[in-house]
Amino acid sequence: MSGNERGTATASRAGNTDGAAGKRDGANIALTVWGVIMFAFLFLPILVVVVYSFNNGRLLASWDSFGFQAYVHAFTNDVMKSSVLTSLKAAVGTAILATIFGTLGGIALARAKHGAKWALGLTALLAISLVTPEIVDAIAMLPWFVSLGVDHGITPLNNGLVRLIIAHTVESMAVVTFIIRARMAGLDESLEEAAGDLYATPWRRFRDITLPMAGPGIMAGALMGFTLSLDNTIVSSFVQQPGYTPWPVYIFSQVRVALRPEVAALSTVMLVLTLIALAVVGYVLRRVGENTSDIVKTMTGES
């Protein structure tokens with residue numbers, strides 16, 4: 001090959017490389033722009049609510065001046081405070097129950113033998129509960145509560161808070177179960193087997209080995225149950241009773257009239273509480289040696 005031919009081939013390869021690099025750069029820029037747009041679409045409305053919580057006007061959509069009157073009025077409004085407290089109580093109760101049942105179910109599924117029919121059936125039922133529209137669940141739960149509470153005399157089911165906790169637990173238990181199953185599926189069973197070889201009782205193995213290993217997943221599941229309960233509107237609007245109106249249902253009722261800055265103020269407070277809970281869980285996971293990728297996998301239920 002002559003010198004001219006070699007030079008031509010080298011130039012051609014360089015041109016192809018530059019063209020491929022240019023295409024990659026263009027694709028990266030496009031993906032970056034798309035990511036920024038998506039983040040703006042998701043988080044700008046939340047930022048607007050936070051900003052307008054400092055609006056001293058009478059209506060949320062009409063800015064008057066900056067101040068803290070909305071927070072003062074919100075914390076002196078008994079109806080709003082009752083709704084927020086109802087949501088927080090229901091969320092805590094839901095987190096406890098969903099975590100208990102979800103932990104037992106998640107560990108059982110993770111330790112089930114491959115191809116076990118009961119595990120496949122339980123997984124299918126949990127998956128169905130995830131994809132079932134909430135309106136269907138709400139319509140099914142309401143007559144169930146009425147029948148058991150009124151017709152059969154199970155008086156606790158006539159309590160609005162009890163109804164909310166049970167309904168929200170049913171809605172969030174599948175998510176918690178899958179999170180904990182994913183956490184346990186990636187852990188080595190040899191520690192549990194070694195404890196059994198040392199004559200540890202099943203309860204002792206569960207308490208000293210299994211629960212500590214599942215701890216990060218349990219905390220993530222509890223936080224998820226808490227958050228899903230705070231966010232539930234459709235089921236809550238069906239099963240609620242007078243005196244136990246949760247915050248999302250209260251906001252929905254106010255939309256029909258006009259939203260006031262007090263709604264944004266209390267919503268901002270609840271957002272801050274949720275972020276604090278998330279930060280605490282992340283801190284605890286860090287303390288037990290989890291890295292960033294492991295924390296994300298635990299929170300999202302990836303194995």
# chains A, B, ... in the order shown; residues from 1 in each chain; ligands from 1

$ residues_around --residues "segment 221-229 of chain A" --least-positions-apart "6" --cutoff "7 Å" --atoms "only C-alpha atoms" --output "ChimeraX atom specification"
/A:90-92,94-96,98-99,168,172,176,179-180

$ residues_around --residues "Ile166 of chain A" --least-positions-apart "2" --cutoff "9 Å" --atoms "only C-alpha atoms" --output "list of chain:residue names"
A:Ala90, A:Gly93, A:Thr94, A:Leu97, A:Leu161, A:Val162, A:Arg163, A:Leu164, A:His168, A:Thr169, A:Val170, A:Glu171

$ atom_distance --atom1 "atom CA of Asn159 of chain A" --atom2 "atom CA of Ala140 of chain A"
17.9 Å

$ closest_residue --among "A:Ala200, A:Val235, A:Val255, A:Val79" --to "Leu142 of chain A" --atoms "only C-alpha atoms"
A:Val235
